[in-house]
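Enquirer: Got a file for you: target14.cif, mmCIF, C-alpha atoms.
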```cif
data_model
#
loop_
_atom_site.label_atom_id
_atom_site.label_comp_id
_atom_site.auth_asym_id
_atom_site.auth_seq_id
_atom_site.Cartn_x
_atom_site.Cartn_y
_atom_site.Cartn_z
CA MET A 1 -7.39 -12.87 -28.61
CA ASP A 2 -8.75 -9.93 -26.63
CA LYS A 3 -11.17 -7.73 -28.55
CA PRO A 4 -12.04 -4.21 -27.38
CA ASN A 5 -15.65 -3.26 -26.96
CA ASN A 6 -17.31 -0.72 -29.25
CA SER A 7 -16.59 2.26 -27.00
CA GLN A 8 -12.90 1.36 -26.84
CA SER A 9 -12.70 0.96 -30.65
CA HIS A 10 -14.32 4.35 -31.13
CA ASN A 11 -11.84 5.91 -28.69
CA ASN A 12 -8.92 4.81 -30.89
CA TYR A 13 -9.96 7.46 -33.45
CA LYS A 14 -9.96 10.28 -30.93
CA PRO A 15 -6.86 12.45 -30.36
CA LEU A 16 -5.05 12.22 -27.05
CA THR A 17 -6.09 14.74 -24.43
CA TRP A 18 -3.43 16.93 -22.81
CA ILE A 19 -3.44 14.62 -19.75
CA GLU A 20 -2.96 11.60 -21.99
CA ARG A 21 -0.12 13.30 -23.84
CA LEU A 22 1.56 13.93 -20.49
CA LEU A 23 1.05 10.32 -19.39
CA ALA A 24 2.35 9.10 -22.76
CA ASN A 25 5.85 10.04 -21.58
CA GLY A 26 5.65 7.05 -19.22
CA ALA A 27 3.70 4.47 -21.24
CA ASP A 28 1.92 3.74 -24.49
CA ILE A 29 -1.42 5.49 -23.92
CA LYS A 30 -4.45 5.11 -26.16
CA PRO A 31 -7.23 7.71 -26.49
CA GLY A 32 -9.82 7.44 -23.73
CA GLU A 33 -7.54 5.68 -21.21
CA GLY A 34 -6.20 8.76 -19.45
CA TRP A 35 -8.95 9.43 -16.93
CA ASN A 36 -8.99 5.87 -15.59
CA ILE A 37 -5.20 5.93 -15.21
CA ILE A 38 -5.33 9.22 -13.32
CA LEU A 39 -7.98 7.82 -10.96
CA LEU A 40 -6.02 4.62 -10.31
CA MET A 41 -2.71 6.47 -9.91
CA GLY A 42 -4.41 8.88 -7.52
CA SER A 43 -6.02 6.08 -5.53
CA LEU A 44 -2.68 4.27 -5.15
CA PHE A 45 -0.93 7.57 -4.37
CA PHE A 46 -3.25 8.32 -1.44
CA LEU A 47 -3.11 4.70 -0.28
CA LEU A 48 0.70 4.79 0.01
CA LEU A 49 0.50 8.29 1.48
CA THR A 50 -1.69 6.84 4.24
CA ALA A 51 0.76 4.02 4.89
CA TYR A 52 3.73 6.40 5.19
CA LEU A 53 1.82 8.71 7.51
CA LEU A 54 1.18 5.74 9.79
CA LYS A 55 4.67 4.18 9.77
CA PRO A 56 6.23 6.81 12.09
CA VAL A 57 3.27 6.34 14.46
CA ARG A 58 3.89 2.59 14.51
CA ASP A 59 7.61 2.98 15.22
CA THR A 60 7.07 5.66 17.87
CA LEU A 61 4.47 3.62 19.78
CA ILE A 62 6.37 0.34 19.66
CA LEU A 63 9.72 1.82 20.73
CA VAL A 64 8.27 3.98 23.50
CA GLU A 65 5.94 1.35 24.96
CA GLY A 66 7.82 -1.86 24.20
CA GLY A 67 11.30 -1.32 22.82
CA ALA A 68 13.28 -3.03 20.08
CA GLU A 69 12.74 -6.53 21.53
CA ALA A 70 8.98 -6.11 21.46
CA ARG A 71 9.24 -4.93 17.86
CA SER A 72 11.07 -8.10 16.82
CA TYR A 73 8.41 -10.29 18.45
CA ALA A 74 5.65 -8.26 16.78
CA VAL A 75 7.14 -8.96 13.34
CA ALA A 76 6.83 -12.69 14.00
CA LEU A 77 3.29 -12.31 15.31
CA GLN A 78 2.27 -10.58 12.07
CA VAL A 79 2.51 -13.88 10.22
CA ILE A 80 0.09 -15.51 12.68
CA VAL A 81 -2.34 -12.59 12.43
CA LEU A 82 -2.28 -12.71 8.62
CA VAL A 83 -2.90 -16.47 8.59
CA ILE A 84 -6.02 -15.82 10.68
CA LEU A 85 -7.20 -12.81 8.67
CA LEU A 86 -6.69 -14.12 5.13
CA PRO A 87 -9.47 -16.77 5.23
CA ILE A 88 -11.89 -14.10 6.49
CA TYR A 89 -10.73 -11.76 3.72
CA GLY A 90 -11.29 -14.52 1.17
CA VAL A 91 -14.84 -15.19 2.37
CA PHE A 92 -15.85 -11.52 2.05
CA SER A 93 -14.10 -11.10 -1.32
CA ARG A 94 -16.47 -13.74 -2.73
CA GLN A 95 -19.58 -11.89 -1.55
CA PHE A 96 -19.11 -8.52 -3.25
CA SER A 97 -18.28 -7.05 -6.64
CA SER A 98 -14.75 -5.72 -7.13
CA ARG A 99 -15.72 -2.04 -6.73
CA THR A 100 -17.94 -2.60 -3.68
CA PHE A 101 -15.34 -4.71 -1.92
CA MET A 102 -12.64 -2.09 -2.57
CA ILE A 103 -14.79 0.62 -0.98
CA CYS A 104 -15.95 -1.52 1.93
CA ILE A 105 -12.45 -2.58 2.98
CA ALA A 106 -11.22 1.04 2.88
CA VAL A 107 -14.14 2.20 5.05
CA PHE A 108 -13.52 -0.73 7.43
CA PHE A 109 -9.87 0.25 7.93
CA SER A 110 -10.88 3.90 8.38
CA CYS A 111 -13.21 2.87 11.21
CA ASN A 112 -10.31 0.89 12.72
CA LEU A 113 -8.18 4.06 12.78
CA LEU A 114 -10.96 5.96 14.51
CA LEU A 115 -11.23 3.19 17.11
CA PHE A 116 -7.48 3.24 17.73
CA TYR A 117 -7.67 7.00 18.24
CA ILE A 118 -10.50 6.68 20.79
CA LEU A 119 -8.74 3.91 22.71
CA GLY A 120 -5.45 5.80 22.65
CA GLN A 121 -7.04 8.93 24.03
CA ALA A 122 -8.58 6.76 26.78
CA GLY A 123 -5.08 5.71 27.85
CA TYR A 124 -4.87 2.16 26.53
CA LYS A 125 -1.47 0.82 25.43
CA LEU A 126 -1.81 0.05 21.74
CA SER A 127 1.74 -0.44 20.48
CA ILE A 128 1.54 -4.19 19.74
CA PRO A 129 -2.06 -4.21 18.42
CA PHE A 130 -1.38 -1.22 16.18
CA PHE A 131 1.91 -2.70 14.93
CA LEU A 132 0.08 -5.89 13.95
CA TRP A 133 -2.81 -3.95 12.43
CA LEU A 134 -0.56 -1.77 10.27
CA GLY A 135 1.28 -4.83 9.00
CA ALA A 136 -2.03 -6.31 7.86
CA PHE A 137 -3.27 -2.99 6.48
CA GLY A 138 -0.12 -2.29 4.48
CA VAL A 139 -0.08 -5.57 2.60
CA LEU A 140 -3.82 -6.27 2.36
CA MET A 141 -4.81 -2.85 1.04
CA VAL A 142 -2.09 -2.81 -1.61
CA SER A 143 -2.89 -6.39 -2.61
CA GLN A 144 -6.59 -5.47 -2.72
CA PHE A 145 -5.85 -2.46 -4.92
CA TRP A 146 -3.98 -4.54 -7.50
CA ALA A 147 -6.67 -7.21 -7.45
CA PHE A 148 -9.19 -4.47 -8.22
CA THR A 149 -6.95 -3.04 -10.96
CA SER A 150 -6.66 -6.50 -12.52
CA GLN A 151 -10.42 -6.34 -13.01
CA VAL A 152 -10.12 -3.01 -14.83
CA TYR A 153 -7.62 -4.05 -17.50
CA ASN A 154 -7.15 -7.13 -19.62
CA LYS A 155 -3.77 -8.81 -20.16
CA LYS A 156 -2.55 -6.65 -23.04
CA SER A 157 -3.65 -3.32 -21.60
CA GLY A 158 -2.38 -4.37 -18.16
CA GLU A 159 1.12 -4.97 -19.50
CA ARG A 160 1.05 -1.49 -21.06
CA LEU A 161 -0.48 0.45 -18.19
CA PHE A 162 0.34 -1.25 -14.87
CA ALA A 163 3.76 0.41 -14.85
CA LEU A 164 2.13 3.83 -15.16
CA VAL A 165 -0.47 3.12 -12.47
CA ALA A 166 2.34 2.03 -10.13
CA VAL A 167 3.90 5.51 -10.41
CA GLY A 168 1.24 6.49 -7.87
CA ALA A 169 2.85 4.14 -5.33
CA SER A 170 6.36 5.51 -5.81
CA LEU A 171 5.14 9.11 -5.64
CA GLY A 172 2.85 8.43 -2.67
CA ALA A 173 5.65 6.80 -0.68
CA TRP A 174 7.99 9.71 -1.41
CA VAL A 175 5.49 12.43 -0.57
CA GLY A 176 4.08 10.54 2.41
CA SER A 177 7.48 10.13 4.05
CA ALA A 178 8.19 13.85 3.60
CA ILE A 179 4.81 14.95 4.97
CA SER A 180 4.99 12.58 7.95
CA ARG A 181 8.30 14.10 9.07
CA MET A 182 6.73 17.57 9.08
CA LEU A 183 3.44 16.59 10.74
CA MET A 184 5.12 14.66 13.56
CA ASP A 185 6.58 17.99 14.77
CA TYR A 186 3.06 19.38 15.33
CA PHE A 187 0.79 16.40 16.09
CA ASP A 188 1.07 13.49 18.51
CA SER A 189 0.77 9.88 17.36
CA PHE A 190 -2.95 9.53 18.00
CA HIS A 191 -3.89 12.70 16.14
CA MET A 192 -1.86 11.35 13.21
CA LEU A 193 -4.29 8.43 13.15
CA LEU A 194 -7.18 10.83 12.58
CA ILE A 195 -5.28 12.70 9.86
CA SER A 196 -4.53 9.41 8.07
CA ILE A 197 -8.24 8.64 7.66
CA ILE A 198 -8.56 11.49 5.14
CA PRO A 199 -6.19 10.19 2.41
CA LEU A 200 -7.49 6.64 2.91
CA LEU A 201 -11.06 7.72 2.18
CA VAL A 202 -9.88 9.84 -0.75
CA SER A 203 -8.20 6.72 -2.14
CA ALA A 204 -11.48 4.80 -1.90
CA PHE A 205 -13.44 7.67 -3.48
CA LEU A 206 -11.10 7.77 -6.50
CA ALA A 207 -11.26 4.00 -6.93
CA ALA A 208 -15.07 4.16 -6.79
CA ASN A 209 -15.09 6.37 -9.88
CA VAL A 210 -12.90 4.09 -12.00
CA LYS A 211 -14.67 2.78 -15.09
CA ILE A 212 -14.47 -1.02 -15.31
CA TYR A 213 -14.65 -2.39 -18.83
CA ASN A 214 -15.91 -5.96 -18.64
CA THR A 215 -12.83 -7.17 -20.50
CA THR A 216 -12.39 -10.62 -21.92
CA GLY A 217 -11.29 -13.17 -19.38
CA PHE A 218 -12.24 -11.27 -16.25
CA ASN A 219 -15.26 -11.49 -13.97
CA VAL A 220 -16.03 -8.14 -12.40
CA ALA A 221 -18.60 -9.65 -10.06
CA PRO A 222 -17.99 -12.83 -8.08
CA THR A 223 -19.40 -15.92 -9.74
CA PRO A 224 -21.18 -18.62 -7.75
CA THR A 225 -19.50 -22.00 -7.54
CA ARG A 226 -21.12 -25.39 -7.02
CA GLN A 227 -18.82 -26.18 -4.14
CA GLN A 228 -18.46 -23.70 -1.31
CA PRO A 229 -14.77 -22.74 -1.01
CA SER A 230 -13.11 -23.56 2.30
CA LEU A 231 -11.79 -20.94 4.69
CA LEU A 232 -8.25 -21.83 3.64
CA SER A 233 -9.00 -21.67 -0.07
CA GLY A 234 -6.43 -18.89 -0.63
CA PHE A 235 -3.64 -21.16 0.59
CA SER A 236 -5.13 -24.08 -1.35
CA LEU A 237 -5.16 -22.05 -4.56
CA VAL A 238 -1.45 -21.34 -4.20
CA ILE A 239 -0.46 -24.90 -3.35
CA LYS A 240 -2.49 -26.49 -6.17
CA SER A 241 -1.15 -24.19 -8.90
CA ARG A 242 2.47 -24.68 -9.94
CA TYR A 243 2.42 -21.17 -11.43
CA LEU A 244 1.26 -19.52 -8.20
CA LEU A 245 3.55 -21.69 -6.08
CA LEU A 246 6.58 -20.56 -8.08
CA ILE A 247 5.52 -16.92 -7.62
CA ALA A 248 5.10 -17.51 -3.87
CA ILE A 249 8.61 -18.99 -3.56
CA PHE A 250 10.02 -16.11 -5.62
CA VAL A 251 8.43 -13.54 -3.26
CA ILE A 252 9.84 -15.35 -0.20
CA LEU A 253 13.34 -15.36 -1.69
CA MET A 254 13.02 -11.73 -2.77
CA ASN A 255 12.17 -10.46 0.72
CA TRP A 256 14.64 -12.84 2.39
CA CYS A 257 17.45 -11.42 0.26
CA SER A 258 16.31 -7.81 0.68
CA SER A 259 15.94 -8.16 4.47
CA ILE A 260 19.45 -9.57 4.83
CA GLY A 261 20.70 -6.57 2.87
CA GLU A 262 18.82 -4.26 5.27
CA TYR A 263 20.46 -6.03 8.22
CA LEU A 264 23.94 -5.63 6.72
CA MET A 265 23.30 -1.95 6.08
CA ALA A 266 22.19 -1.47 9.70
CA VAL A 267 25.43 -3.15 10.83
CA LEU A 268 27.47 -0.75 8.70
CA VAL A 269 25.62 2.29 10.05
CA GLU A 270 26.22 1.27 13.67
CA THR A 271 29.86 0.41 12.94
CA PHE A 272 30.59 3.78 11.34
CA TYR A 273 28.93 5.62 14.20
CA GLN A 274 30.99 3.72 16.77
CA GLN A 275 34.19 4.35 14.80
CA GLY A 276 33.35 8.06 14.67
CA ILE A 277 32.88 8.15 18.45
CA GLU A 278 36.18 6.36 19.05
CA MET A 279 38.04 8.73 16.72
CA GLY A 280 36.42 11.75 18.30
CA ASN A 281 35.02 13.25 15.08
CA MET A 282 31.35 12.33 15.62
CA VAL A 283 29.30 15.33 16.72
CA ASP A 284 25.79 13.91 16.16
CA SER A 285 23.90 11.77 18.63
CA LYS A 286 23.30 8.18 17.56
CA GLU A 287 19.61 8.89 16.90
CA SER A 288 20.46 11.95 14.81
CA TYR A 289 23.19 10.17 12.83
CA ILE A 290 21.00 7.16 12.03
CA GLY A 291 18.04 9.40 11.20
CA LYS A 292 20.09 11.46 8.74
CA PHE A 293 21.56 8.36 7.11
CA TYR A 294 18.19 6.69 6.53
CA SER A 295 16.54 9.94 5.43
CA GLU A 296 19.16 10.30 2.71
CA PHE A 297 18.96 6.58 1.87
CA TYR A 298 15.18 6.54 1.41
CA PHE A 299 15.28 9.83 -0.47
CA TRP A 300 17.51 8.25 -3.14
CA VAL A 301 15.61 4.95 -3.10
CA ASN A 302 12.28 6.66 -3.71
CA LEU A 303 13.72 9.07 -6.26
CA ILE A 304 15.41 6.30 -8.26
CA GLY A 305 12.32 4.11 -7.94
CA LEU A 306 10.12 6.93 -9.22
CA PHE A 307 12.44 7.54 -12.19
CA ILE A 308 12.56 3.82 -13.09
CA GLN A 309 8.80 3.49 -12.69
CA PHE A 310 7.88 6.39 -14.97
CA PHE A 311 10.57 6.31 -17.63
CA ILE A 312 11.84 2.73 -17.84
CA VAL A 313 9.37 0.03 -16.70
CA SER A 314 6.71 0.38 -19.39
CA ARG A 315 9.27 0.87 -22.17
CA LEU A 316 11.30 -2.15 -21.04
CA ILE A 317 8.20 -4.37 -21.05
CA LYS A 318 7.18 -3.06 -24.49
CA TRP A 319 10.57 -3.28 -26.19
CA ALA A 320 12.21 -6.27 -24.49
CA GLY A 321 9.09 -8.25 -23.59
CA PHE A 322 7.69 -9.20 -20.20
CA ASN A 323 9.96 -12.19 -19.62
CA ILE A 324 13.11 -10.09 -19.99
CA ALA A 325 11.65 -7.30 -17.83
CA PHE A 326 10.84 -9.81 -15.08
CA ILE A 327 14.35 -11.26 -15.00
CA VAL A 328 16.23 -7.91 -15.11
CA THR A 329 15.94 -7.12 -11.38
CA PRO A 330 17.28 -10.43 -9.99
CA LEU A 331 19.99 -10.39 -12.67
CA LEU A 332 21.23 -6.91 -11.71
CA ILE A 333 21.02 -7.70 -7.98
CA PHE A 334 22.93 -10.95 -8.55
CA MET A 335 25.67 -9.00 -10.35
CA GLY A 336 25.72 -6.40 -7.56
CA TYR A 337 26.11 -8.90 -4.73
CA GLY A 338 28.68 -10.75 -6.83
CA LEU A 339 30.79 -7.61 -6.88
CA LEU A 340 30.29 -7.05 -3.15
CA ALA A 341 31.22 -10.63 -2.26
CA PHE A 342 34.70 -10.08 -3.67
CA PHE A 343 35.01 -6.29 -3.29
CA PRO A 344 33.22 -5.44 0.01
CA LEU A 345 33.51 -1.66 -0.30
CA VAL A 346 31.18 0.47 1.79
CA THR A 347 30.36 2.99 -0.95
CA LEU A 348 29.68 0.17 -3.41
CA PHE A 349 27.37 -1.53 -0.90
CA LYS A 350 25.35 1.64 -0.42
CA VAL A 351 24.99 2.16 -4.20
CA ILE A 352 23.94 -1.45 -4.75
CA LYS A 353 21.45 -1.42 -1.87
CA ILE A 354 19.86 1.80 -3.11
CA SER A 355 19.66 0.28 -6.59
CA GLU A 356 18.20 -2.98 -5.24
CA ASN A 357 15.47 -1.24 -3.28
CA GLY A 358 14.71 1.15 -6.15
CA LEU A 359 14.35 -1.76 -8.58
CA ASN A 360 12.28 -3.83 -6.14
CA TYR A 361 9.87 -0.97 -5.44
CA SER A 362 9.37 -0.19 -9.13
CA LEU A 363 10.22 -2.74 -11.82
CA GLN A 364 9.99 -5.92 -9.73
CA LYS A 365 6.76 -4.98 -7.92
CA THR A 366 5.10 -4.00 -11.22
CA THR A 367 6.07 -7.23 -13.00
CA LEU A 368 4.88 -9.26 -10.02
CA GLN A 369 1.43 -7.65 -10.28
CA ILE A 370 1.32 -8.28 -14.04
CA LEU A 371 1.81 -12.00 -13.36
CA PHE A 372 -1.73 -12.13 -11.96
CA LEU A 373 -3.40 -10.76 -15.10
CA PRO A 374 -3.99 -14.18 -16.74
CA THR A 375 -5.49 -15.69 -13.56
CA THR A 376 -9.04 -16.13 -12.25
CA ARG A 377 -10.80 -13.63 -10.04
CA ARG A 378 -10.41 -15.84 -6.94
CA GLN A 379 -6.69 -16.19 -7.63
CA GLN A 380 -6.38 -12.43 -8.07
CA TYR A 381 -7.99 -11.78 -4.69
CA GLU A 382 -7.36 -14.77 -2.42
CA ALA A 383 -4.14 -16.31 -3.78
CA ARG A 384 -2.57 -12.90 -4.36
CA ALA A 385 -3.39 -11.88 -0.78
CA VAL A 386 -1.63 -15.00 0.55
CA ILE A 387 1.45 -14.34 -1.59
CA ASP A 388 1.62 -10.61 -0.86
CA THR A 389 1.15 -11.05 2.89
CA VAL A 390 2.13 -14.40 4.39
CA CYS A 391 4.83 -15.28 1.83
CA TRP A 392 6.33 -11.80 2.12
CA ARG A 393 6.46 -12.05 5.93
CA ILE A 394 8.00 -15.52 5.72
CA GLY A 395 10.96 -13.78 4.07
CA ASP A 396 11.28 -11.59 7.18
CA LEU A 397 11.21 -14.63 9.45
CA LEU A 398 13.84 -16.44 7.39
CA GLN A 399 16.08 -13.38 7.60
CA ALA A 400 15.72 -13.27 11.40
CA ALA A 401 16.48 -17.00 11.65
CA THR A 402 19.46 -16.63 9.30
CA VAL A 403 20.99 -13.84 11.38
CA PHE A 404 20.40 -15.67 14.67
CA ILE A 405 21.87 -18.97 13.45
CA GLY A 406 24.74 -17.30 11.61
CA LEU A 407 25.85 -15.11 14.50
CA ASN A 408 25.07 -17.28 17.52
CA LEU A 409 25.50 -20.87 16.30
CA LEU A 410 27.88 -20.69 13.36
CA ASN A 411 29.83 -17.65 14.62
CA ILE A 412 30.30 -16.18 11.15
CA LEU A 413 30.99 -12.53 10.38
CA PRO A 414 28.04 -10.46 9.05
CA LYS A 415 29.81 -9.80 5.72
CA LYS A 416 29.66 -13.54 4.97
CA PHE A 417 25.90 -13.13 4.50
CA LEU A 418 26.76 -11.53 1.15
CA PHE A 419 27.45 -15.02 -0.20
CA LEU A 420 24.01 -16.19 0.96
CA ASN A 421 22.43 -13.26 -0.88
CA LEU A 422 24.41 -14.21 -3.95
CA PHE A 423 22.95 -17.72 -3.73
CA LEU A 424 19.41 -16.42 -3.12
CA THR A 425 19.53 -14.13 -6.15
CA LEU A 426 20.78 -17.03 -8.26
CA LEU A 427 17.72 -19.04 -7.18
CA MET A 428 15.55 -16.01 -8.02
CA LEU A 429 17.05 -15.90 -11.51
CA ILE A 430 16.25 -19.56 -12.12
CA LEU A 431 12.71 -19.16 -10.77
CA ALA A 432 12.14 -16.01 -12.84
CA PHE A 433 12.98 -17.97 -16.00
CA PHE A 434 10.43 -20.71 -15.26
CA ILE A 435 7.77 -18.25 -14.05
CA GLY A 436 8.16 -16.32 -17.31
CA LYS A 437 7.60 -19.51 -19.32
CA HIS A 438 4.45 -20.31 -17.31
CA TYR A 439 3.19 -16.75 -17.75
CA GLN A 440 3.69 -16.89 -21.51
CA ARG A 441 1.79 -20.16 -21.77
CA LYS A 442 -1.11 -18.80 -19.71
CA TYR A 443 -1.05 -15.56 -21.70
CA ASN A 444 -1.20 -17.39 -25.05
CA SER A 445 -3.87 -19.83 -23.92
CA GLU A 446 -6.48 -17.14 -23.15
#
```
Is it possible to express this structure as structure tokens?
Expert:
Amino acid sequence: MDKPNNSQSHNNYKPLTWIERLLANGADIKPGEGWNIILLMGSLFFLLLTAYLLKPVRDTLILVEGGAEARSYAVALQVIVLVILLPIYGVFSRQFSSRTFMICIAVFFSCNLLLFYILGQAGYKLSIPFFLWLGAFGVLMVSQFWAFTSQVYNKKSGERLFALVAVGASLGAWVGSAISRMLMDYFDSFHMLLISIIPLLVSAFLAANVKIYNTTGFNVAPTPTRQQPSLLSGFSLVIKSRYLLLIAIFVILMNWCSSIGEYLMAVLVETFYQQGIEMGNMVDSKESYIGKFYSEFYFWVNLIGLFIQFFIVSRLIKWAGFNIAFIVTPLLIFMGYGLLAFFPLVTLFKVIKISENGLNYSLQKTTLQILFLPTTRRQQYEARAVIDTVCWRIGDLLQAATVFIGLNLLNILPKKFLFLNLFLTLLMLILAFFIGKHYQRKYNSE
């Protein structure tokens, strides 16, 4: 059973500060925990802010220099790049303490942005390299952040507080997307790269000031092993652990299902625009119409995700238990696609897709990170990186293969993919049940 150190026991007798009272609206806060939560929330906020400043740059460069076809090839190449990078990431993660590694990787990516800026100003075409780089940055930095956070909290405190820390991601994505739209009117793509360095370094600075309690069951510094791990140890860790393998399969199914939903939504948007043109009541250009639709869509996704993250996630885990909280998202998505399969109404699809994305970005992502609390340091860094990067991208590839085979070989209508999503969410439900049982056994054994 986890026992707090003397400083944490003493803090239990202190009253909550005003910041802690404010945070207590979103989770069960204990005296003395507020400052660390603010630092971690802030670090994750600026990390997601950086990512959403860079996404418009990525899309602008790839569509101007290469087009939509080049973008589709780049998505596939991201898997290859990540397979090459992950062993290198694993080697360096074993050489440094958690805090040092967090700072070093942020500084490394900041230097990359500066290099991209210099090469861009020199006239080099960078669309494909930058697209691949941002794909690696987006998943590796977030995975690295949660690995670092897993060193800060033990299992019990992590279940209480991870949901609150993750509010920084929802808020950062929302604010970052709003700021990027404004800045793109005044700065070109390469100057946006320079601007993005600032929040990335702020994120690292905040993480550097987080206090790490050497909690039971966690190793803050890497521990030497008798046998030198192989370059592919991250993949090996996943394959050899039934628990991690189940999580990896769950993540693949989750992104496969979500990506098919994104494809179906894109089909609906294009269909409605074409119908509007044919009926003569469409006044917007295609770019303007699509831009407005997705701006509204992501506004509601981020707003609902932020609400769920702050007001529901922590309370659901506390009152219903982790296992129930983990299974809620696939259960609701399964029910939603079940309705759509038999009642394919456009308004219903939009509501369900907004709900799916909002739940995935808040409740599901938080519970997935909690699953790594009762694991070793190497599993938190190397295995988590494999699952968050390669397994996630495999979901994208499966979606692309599904659409190609379905449309070109089987000649089925796009709406029939709803039944595939229904099947995928059913598999997710079954996996969530078994993952929850494994988690509970690991939780009780430590």
Enquirer: What residues come out when you apply the PyMOL selection byres ((chain A and resi 132) around 9) to this file, written as a list in words?
Expert: Ala74, Val75, Leu77, Gln78, Val81, Leu82, Ser127, Ile128, Pro129, Phe130, Phe131, Trp133, Leu134, Gly135, Ala136 and Phe137 of chain A
Enquirer: With the PyMOL selection byres ((chain A and resi 301) around 10) as the selection, what would be picked from this file? Answer as a PDB file with C-alpha atoms, in the frame of the given file, please.
Expert:
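For reference, selection-v6.pdb as written:
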```pdb
ATOM      1  CA  SER A 170       6.360   5.510  -5.810  1.00  0.00           C
ATOM      2  CA  TRP A 174       7.990   9.710  -1.410  1.00  0.00           C
ATOM      3  CA  SER A 295      16.540   9.940   5.430  1.00  0.00           C
ATOM      4  CA  GLU A 296      19.160  10.300   2.710  1.00  0.00           C
ATOM      5  CA  PHE A 297      18.960   6.580   1.870  1.00  0.00           C
ATOM      6  CA  TYR A 298      15.180   6.540   1.410  1.00  0.00           C
ATOM      7  CA  PHE A 299      15.280   9.830  -0.470  1.00  0.00           C
ATOM      8  CA  TRP A 300      17.510   8.250  -3.140  1.00  0.00           C
ATOM      9  CA  ASN A 302      12.280   6.660  -3.710  1.00  0.00           C
ATOM     10  CA  LEU A 303      13.720   9.070  -6.260  1.00  0.00           C
ATOM     11  CA  ILE A 304      15.410   6.300  -8.260  1.00  0.00           C
ATOM     12  CA  GLY A 305      12.320   4.110  -7.940  1.00  0.00           C
ATOM     13  CA  LEU A 306      10.120   6.930  -9.220  1.00  0.00           C
ATOM     14  CA  PHE A 307      12.440   7.540 -12.190  1.00  0.00           C
ATOM     15  CA  VAL A 351      24.990   2.160  -4.200  1.00  0.00           C
ATOM     16  CA  LYS A 353      21.450  -1.420  -1.870  1.00  0.00           C
ATOM     17  CA  ILE A 354      19.860   1.800  -3.110  1.00  0.00           C
ATOM     18  CA  SER A 355      19.660   0.280  -6.590  1.00  0.00           C
ATOM     19  CA  GLU A 356      18.200  -2.980  -5.240  1.00  0.00           C
ATOM     20  CA  ASN A 357      15.470  -1.240  -3.280  1.00  0.00           C
ATOM     21  CA  GLY A 358      14.710   1.150  -6.150  1.00  0.00           C
ATOM     22  CA  LEU A 359      14.350  -1.760  -8.580  1.00  0.00           C
ATOM     23  CA  ASN A 360      12.280  -3.830  -6.140  1.00  0.00           C
ATOM     24  CA  TYR A 361       9.870  -0.970  -5.440  1.00  0.00           C
TER      25      TYR A 361
END
```
Enquirer: Which residues would end up in the selection if the PyMOL selection byres ((chain A and resi 111-113) around 9) were applied here, given that I need the answer as a count of residues only?
Expert: 15
Enquirer: Kindly give the distance, in Å, that separates CA of Ile308 (chain A) and CA of Ser362 (chain A), rounded to a single decimal.
Expert: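 Atom-to-atom, CA of Ile308 (chain A) to CA of Ser362 (chain A), that is 6.5 Å.
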Enquirer: When distances are computed from all atoms listed in the file, which of A:Leu363, A:Leu420, A:Leu44, A:Ala178 shows the smallest separation from Ala341 (chain A)?
Expert: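 Closest residue, counting all atoms listed in the file: A:Leu420.
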Enquirer: Using all atoms listed in the file, which of the listed residues (A:Cys257, A:Glu159, A:Trp35, A:Lys350) sits closest to Leu426 (chain A)?
Expert: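 Answer, going by the shortest atom-to-atom distance: A:Cys257.
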Enquirer: I'd like the interatomic distance between CA of Ile195 (chain A) and CA of Ser43 (chain A), to a tenth of an Å.
Expert: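 Those two atoms sit 16.8 Å apart.
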Enquirer: Just so I have it separately, write region 25-48 of chain A from the block I sent, keeping C-alpha atoms, as an mmCIF file, in the first residue's frame.
Expert:
```cif
data_model
loop_
_atom_site.group_PDB
_atom_site.id
_atom_site.type_symbol
_atom_site.label_atom_id
_atom_site.label_comp_id
_atom_site.auth_asym_id
_atom_site.auth_seq_id
_atom_site.Cartn_x
_atom_site.Cartn_y
_atom_site.Cartn_z
ATOM 1 C CA ASN A 25 -13.980 21.912 -8.601
ATOM 2 C CA GLY A 26 -12.397 19.475 -11.060
ATOM 3 C CA ALA A 27 -10.831 16.829 -8.794
ATOM 4 C CA ASP A 28 -10.219 15.740 -5.222
ATOM 5 C CA ILE A 29 -7.296 17.988 -4.258
ATOM 6 C CA LYS A 30 -5.246 17.584 -1.095
ATOM 7 C CA PRO A 31 -3.311 20.414 0.592
ATOM 8 C CA GLY A 32 0.090 21.005 -0.974
ATOM 9 C CA GLU A 33 -0.763 19.475 -4.373
ATOM 10 C CA GLY A 34 -1.958 22.628 -6.112
ATOM 11 C CA TRP A 35 1.327 24.113 -7.288
ATOM 12 C CA ASN A 36 2.515 20.901 -8.944
ATOM 13 C CA ILE A 37 -0.823 20.541 -10.734
ATOM 14 C CA ILE A 38 -0.662 24.119 -11.996
ATOM 15 C CA LEU A 39 2.868 23.542 -13.322
ATOM 16 C CA LEU A 40 1.918 20.294 -15.068
ATOM 17 C CA MET A 41 -1.325 21.743 -16.463
ATOM 18 C CA GLY A 42 0.621 24.757 -17.702
ATOM 19 C CA SER A 43 3.329 22.613 -19.265
ATOM 20 C CA LEU A 44 0.759 20.487 -21.113
ATOM 21 C CA PHE A 45 -1.200 23.620 -22.088
ATOM 22 C CA PHE A 46 1.829 25.208 -23.787
ATOM 23 C CA LEU A 47 2.796 21.881 -25.362
ATOM 24 C CA LEU A 48 -0.603 21.526 -27.065
#
```
